[in-house]
Amino acid sequence: MNNLKIHDIKNLSEVGDWSFYIFLILLICLLVIIIFLTYLIVNKIKNKKINTQKLTLEKLKEVNTNQSKNAAYEITKYLHLLKKNELQTQLANELILDLENYKYKKVTSGFNHITTTRLKKFMESL
């Protein structure tokens, strides 16, 4: 039995190894995806929506009441931008009616006591 020759077996053939290159391509794609997601998250955190209600309230607090004509226009503008409940709407309407006395005039005096107290009441109701 030792003399048996087998003619069907061939020599080993060389097989190309692409696994390292495939691994590198997958690694680079994963890295690009992670960088892109990080960019989106950082961008979203930086560009958070500014709360317009708070911004309007801050601007309303910063209005210079010494210049009554300009202050009347600014207060009216900001009152319309604020979201209000029924009480605040009523106070805002009363305040707007008081502020009409200071608009559309060339020269105006300072706010009277009633207007300043209504403005303070409205600001406290917020």
# chains A, B, ... in the order shown; residues from 1 in each chain; ligands from 1
>>> residues_around(residues="A:Glu86", least_positions_apart="3", cutoff="12 Å", atoms="only C-alpha atoms", output="count of residues only")
9
>>> residues_around(residues="stretch 95-104 of chain A", least_positions_apart="2", cutoff="10 Å", atoms="only C-alpha atoms", output="PDB file with C-alpha atoms, in the first residue's frame")
ATOM      1  CA  GLN A  67     -37.043 109.193  28.384  1.00  0.00           C
ATOM      2  CA  SER A  68     -40.782 108.727  28.578  1.00  0.00           C
ATOM      3  CA  LYS A  69     -41.576 108.932  24.855  1.00  0.00           C
ATOM      4  CA  ASN A  70     -39.076 106.256  23.774  1.00  0.00           C
ATOM      5  CA  ALA A  71     -39.876 104.182  26.840  1.00  0.00           C
ATOM      6  CA  ALA A  72     -43.592 104.256  25.996  1.00  0.00           C
ATOM      7  CA  TYR A  73     -42.916 102.897  22.513  1.00  0.00           C
ATOM      8  CA  ILE A  75     -42.794  99.090  26.616  1.00  0.00           C
ATOM      9  CA  THR A  76     -45.756  98.825  24.237  1.00  0.00           C
ATOM     10  CA  LYS A  77     -43.667  96.769  21.813  1.00  0.00           C
ATOM     11  CA  LEU A  79     -45.940  94.057  26.077  1.00  0.00           C
ATOM     12  CA  HIS A  80     -47.290  92.763  22.778  1.00  0.00           C
ATOM     13  CA  THR A  89     -53.597  90.977  29.605  1.00  0.00           C
ATOM     14  CA  GLN A  90     -55.846  93.291  31.602  1.00  0.00           C
ATOM     15  CA  LEU A  91     -52.847  95.006  33.233  1.00  0.00           C
ATOM     16  CA  ALA A  92     -51.104  95.311  29.876  1.00  0.00           C
ATOM     17  CA  ASN A  93     -54.159  96.903  28.253  1.00  0.00           C
ATOM     18  CA  LYS A 106     -42.962 116.261  20.476  1.00  0.00           C
ATOM     19  CA  VAL A 107     -42.102 116.907  24.120  1.00  0.00           C
ATOM     20  CA  THR A 108     -43.288 114.754  27.009  1.00  0.00           C
ATOM     21  CA  SER A 109     -42.804 114.852  30.744  1.00  0.00           C
ATOM     22  CA  GLY A 110     -41.753 111.872  32.844  1.00  0.00           C
ATOM     23  CA  PHE A 111     -44.110 109.043  33.685  1.00  0.00           C
ATOM     24  CA  ASN A 112     -46.718 109.929  36.275  1.00  0.00           C
ATOM     25  CA  ILE A 114     -50.210 105.898  38.035  1.00  0.00           C
ATOM     26  CA  THR A 115     -48.234 104.736  34.991  1.00  0.00           C
ATOM     27  CA  THR A 116     -45.212 103.719  37.038  1.00  0.00           C
ATOM     28  CA  THR A 117     -47.335 101.760  39.526  1.00  0.00           C
ATOM     29  CA  ARG A 118     -49.132  99.960  36.685  1.00  0.00           C
ATOM     30  CA  LEU A 119     -45.791  99.120  35.120  1.00  0.00           C
ATOM     31  CA  LYS A 121     -47.737  95.746  38.904  1.00  0.00           C
ATOM     32  CA  PHE A 122     -47.379  94.246  35.456  1.00  0.00           C
TER      33      PHE A 122
END
>>> atom_distance(atom1="atom CA of A:Leu24", atom2="atom CA of A:Ile41")
25.8 Å
>>> select_by_dssp(residues="stretch 29-116 of chain A", states="helix (DSSP H, G or I)", output="NGL selection string")
:A and (29-46 or 52-61 or 68-81 or 86-102 or 113-116)
>>> atom_distance(atom1="atom CA of A:Tyr78", atom2="atom CA of A:Thr56")
6.3 Å
>>> decode(residues="stretch 31-81 of chain A", atoms="N, CA and C atoms", output="compact mmCIF listing (two decimals), in the first residue's frame")
# COMPACT_ATOMS: atom_id res chain seq x y z
N LEU A 31 -14.81 56.18 12.21
CA LEU A 31 -14.22 57.41 12.73
C LEU A 31 -14.90 58.65 12.13
N VAL A 32 -15.18 58.62 10.84
CA VAL A 32 -15.87 59.74 10.18
C VAL A 32 -17.28 59.91 10.75
N ILE A 33 -17.98 58.83 10.98
CA ILE A 33 -19.33 58.89 11.55
C ILE A 33 -19.29 59.46 12.97
N ILE A 34 -18.33 59.04 13.77
CA ILE A 34 -18.22 59.55 15.14
C ILE A 34 -17.90 61.04 15.13
N ILE A 35 -17.01 61.48 14.25
CA ILE A 35 -16.68 62.90 14.15
C ILE A 35 -17.90 63.70 13.72
N PHE A 36 -18.66 63.20 12.77
CA PHE A 36 -19.85 63.89 12.28
C PHE A 36 -20.90 64.01 13.39
N LEU A 37 -21.14 62.93 14.12
CA LEU A 37 -22.12 62.97 15.22
C LEU A 37 -21.66 63.91 16.33
N THR A 38 -20.37 63.92 16.63
CA THR A 38 -19.85 64.84 17.63
C THR A 38 -20.05 66.29 17.19
N TYR A 39 -19.80 66.56 15.93
CA TYR A 39 -20.02 67.91 15.39
C TYR A 39 -21.49 68.32 15.52
N LEU A 40 -22.40 67.43 15.20
CA LEU A 40 -23.82 67.74 15.30
C LEU A 40 -24.24 68.01 16.75
N ILE A 41 -23.75 67.22 17.67
CA ILE A 41 -24.11 67.39 19.07
C ILE A 41 -23.55 68.71 19.61
N VAL A 42 -22.30 69.01 19.30
CA VAL A 42 -21.70 70.26 19.77
C VAL A 42 -22.41 71.45 19.16
N ASN A 43 -22.73 71.35 17.88
CA ASN A 43 -23.43 72.44 17.20
C ASN A 43 -24.82 72.66 17.80
N LYS A 44 -25.50 71.60 18.15
CA LYS A 44 -26.83 71.71 18.74
C LYS A 44 -26.76 72.34 20.12
N ILE A 45 -25.75 71.99 20.90
CA ILE A 45 -25.60 72.56 22.23
C ILE A 45 -25.28 74.05 22.13
N LYS A 46 -24.44 74.43 21.20
CA LYS A 46 -24.07 75.84 21.05
C LYS A 46 -25.26 76.68 20.59
N ASN A 47 -26.05 76.14 19.71
CA ASN A 47 -27.14 76.90 19.10
C ASN A 47 -28.49 76.58 19.71
N LYS A 48 -28.51 76.41 21.02
CA LYS A 48 -29.80 76.18 21.67
C LYS A 48 -30.69 77.38 21.43
N LYS A 49 -31.96 77.09 21.31
CA LYS A 49 -32.89 78.19 21.11
C LYS A 49 -32.90 79.11 22.32
N ILE A 50 -32.81 80.37 22.03
CA ILE A 50 -32.90 81.35 23.10
C ILE A 50 -34.38 81.53 23.43
N ASN A 51 -34.68 81.50 24.68
CA ASN A 51 -36.05 81.66 25.11
C ASN A 51 -36.46 83.12 24.88
N THR A 52 -37.32 83.35 23.89
CA THR A 52 -37.70 84.72 23.53
C THR A 52 -38.49 85.39 24.65
N GLN A 53 -39.21 84.61 25.43
CA GLN A 53 -39.97 85.17 26.55
C GLN A 53 -39.02 85.79 27.57
N LYS A 54 -37.96 85.07 27.90
CA LYS A 54 -37.00 85.59 28.88
C LYS A 54 -36.25 86.78 28.31
N LEU A 55 -35.89 86.71 27.04
CA LEU A 55 -35.17 87.80 26.41
C LEU A 55 -36.02 89.06 26.37
N THR A 56 -37.29 88.92 26.03
CA THR A 56 -38.20 90.07 26.00
C THR A 56 -38.38 90.65 27.40
N LEU A 57 -38.48 89.79 28.40
CA LEU A 57 -38.63 90.25 29.78
C LEU A 57 -37.40 91.03 30.24
N GLU A 58 -36.22 90.54 29.87
CA GLU A 58 -34.98 91.25 30.22
C GLU A 58 -34.94 92.63 29.54
N LYS A 59 -35.33 92.68 28.28
CA LYS A 59 -35.34 93.96 27.57
C LYS A 59 -36.36 94.92 28.20
N LEU A 60 -37.48 94.37 28.64
CA LEU A 60 -38.50 95.21 29.28
C LEU A 60 -37.99 95.79 30.60
N LYS A 61 -37.19 95.00 31.32
CA LYS A 61 -36.63 95.49 32.57
C LYS A 61 -35.57 96.56 32.33
N GLU A 62 -34.90 96.50 31.19
CA GLU A 62 -33.81 97.43 30.90
C GLU A 62 -34.27 98.73 30.25
N VAL A 63 -35.56 98.90 30.05
CA VAL A 63 -36.07 100.11 29.40
C VAL A 63 -35.78 101.32 30.28
N ASN A 64 -35.25 102.37 29.66
CA ASN A 64 -34.93 103.60 30.37
C ASN A 64 -36.20 104.44 30.50
N THR A 65 -36.75 104.52 31.70
CA THR A 65 -38.02 105.24 31.90
C THR A 65 -37.82 106.74 32.03
N ASN A 66 -36.57 107.21 32.03
CA ASN A 66 -36.33 108.65 32.09
C ASN A 66 -36.76 109.34 30.79
N GLN A 67 -36.59 108.67 29.68
CA GLN A 67 -37.04 109.19 28.38
C GLN A 67 -38.42 108.59 28.13
N SER A 68 -39.44 109.30 28.55
CA SER A 68 -40.78 108.73 28.58
C SER A 68 -41.33 108.39 27.19
N LYS A 69 -41.02 109.19 26.18
CA LYS A 69 -41.58 108.93 24.86
C LYS A 69 -41.01 107.63 24.27
N ASN A 70 -39.69 107.49 24.28
CA ASN A 70 -39.08 106.26 23.77
C ASN A 70 -39.45 105.06 24.63
N ALA A 71 -39.51 105.27 25.93
CA ALA A 71 -39.88 104.18 26.84
C ALA A 71 -41.30 103.71 26.57
N ALA A 72 -42.20 104.63 26.27
CA ALA A 72 -43.59 104.26 26.00
C ALA A 72 -43.67 103.36 24.76
N TYR A 73 -42.92 103.73 23.72
CA TYR A 73 -42.92 102.90 22.51
C TYR A 73 -42.31 101.52 22.78
N GLU A 74 -41.19 101.49 23.50
CA GLU A 74 -40.53 100.21 23.77
C GLU A 74 -41.38 99.32 24.67
N ILE A 75 -41.96 99.88 25.70
CA ILE A 75 -42.79 99.09 26.62
C ILE A 75 -43.99 98.52 25.88
N THR A 76 -44.61 99.32 25.01
CA THR A 76 -45.76 98.83 24.24
C THR A 76 -45.33 97.68 23.33
N LYS A 77 -44.18 97.83 22.71
CA LYS A 77 -43.67 96.77 21.81
C LYS A 77 -43.45 95.47 22.58
N TYR A 78 -42.80 95.57 23.74
CA TYR A 78 -42.49 94.37 24.51
C TYR A 78 -43.73 93.77 25.17
N LEU A 79 -44.70 94.59 25.50
CA LEU A 79 -45.94 94.06 26.08
C LEU A 79 -46.66 93.17 25.07
N HIS A 80 -46.62 93.57 23.81
CA HIS A 80 -47.29 92.76 22.78
C HIS A 80 -46.56 91.44 22.52
N LEU A 81 -45.25 91.41 22.77
CA LEU A 81 -44.47 90.20 22.51
C LEU A 81 -44.56 89.16 23.62
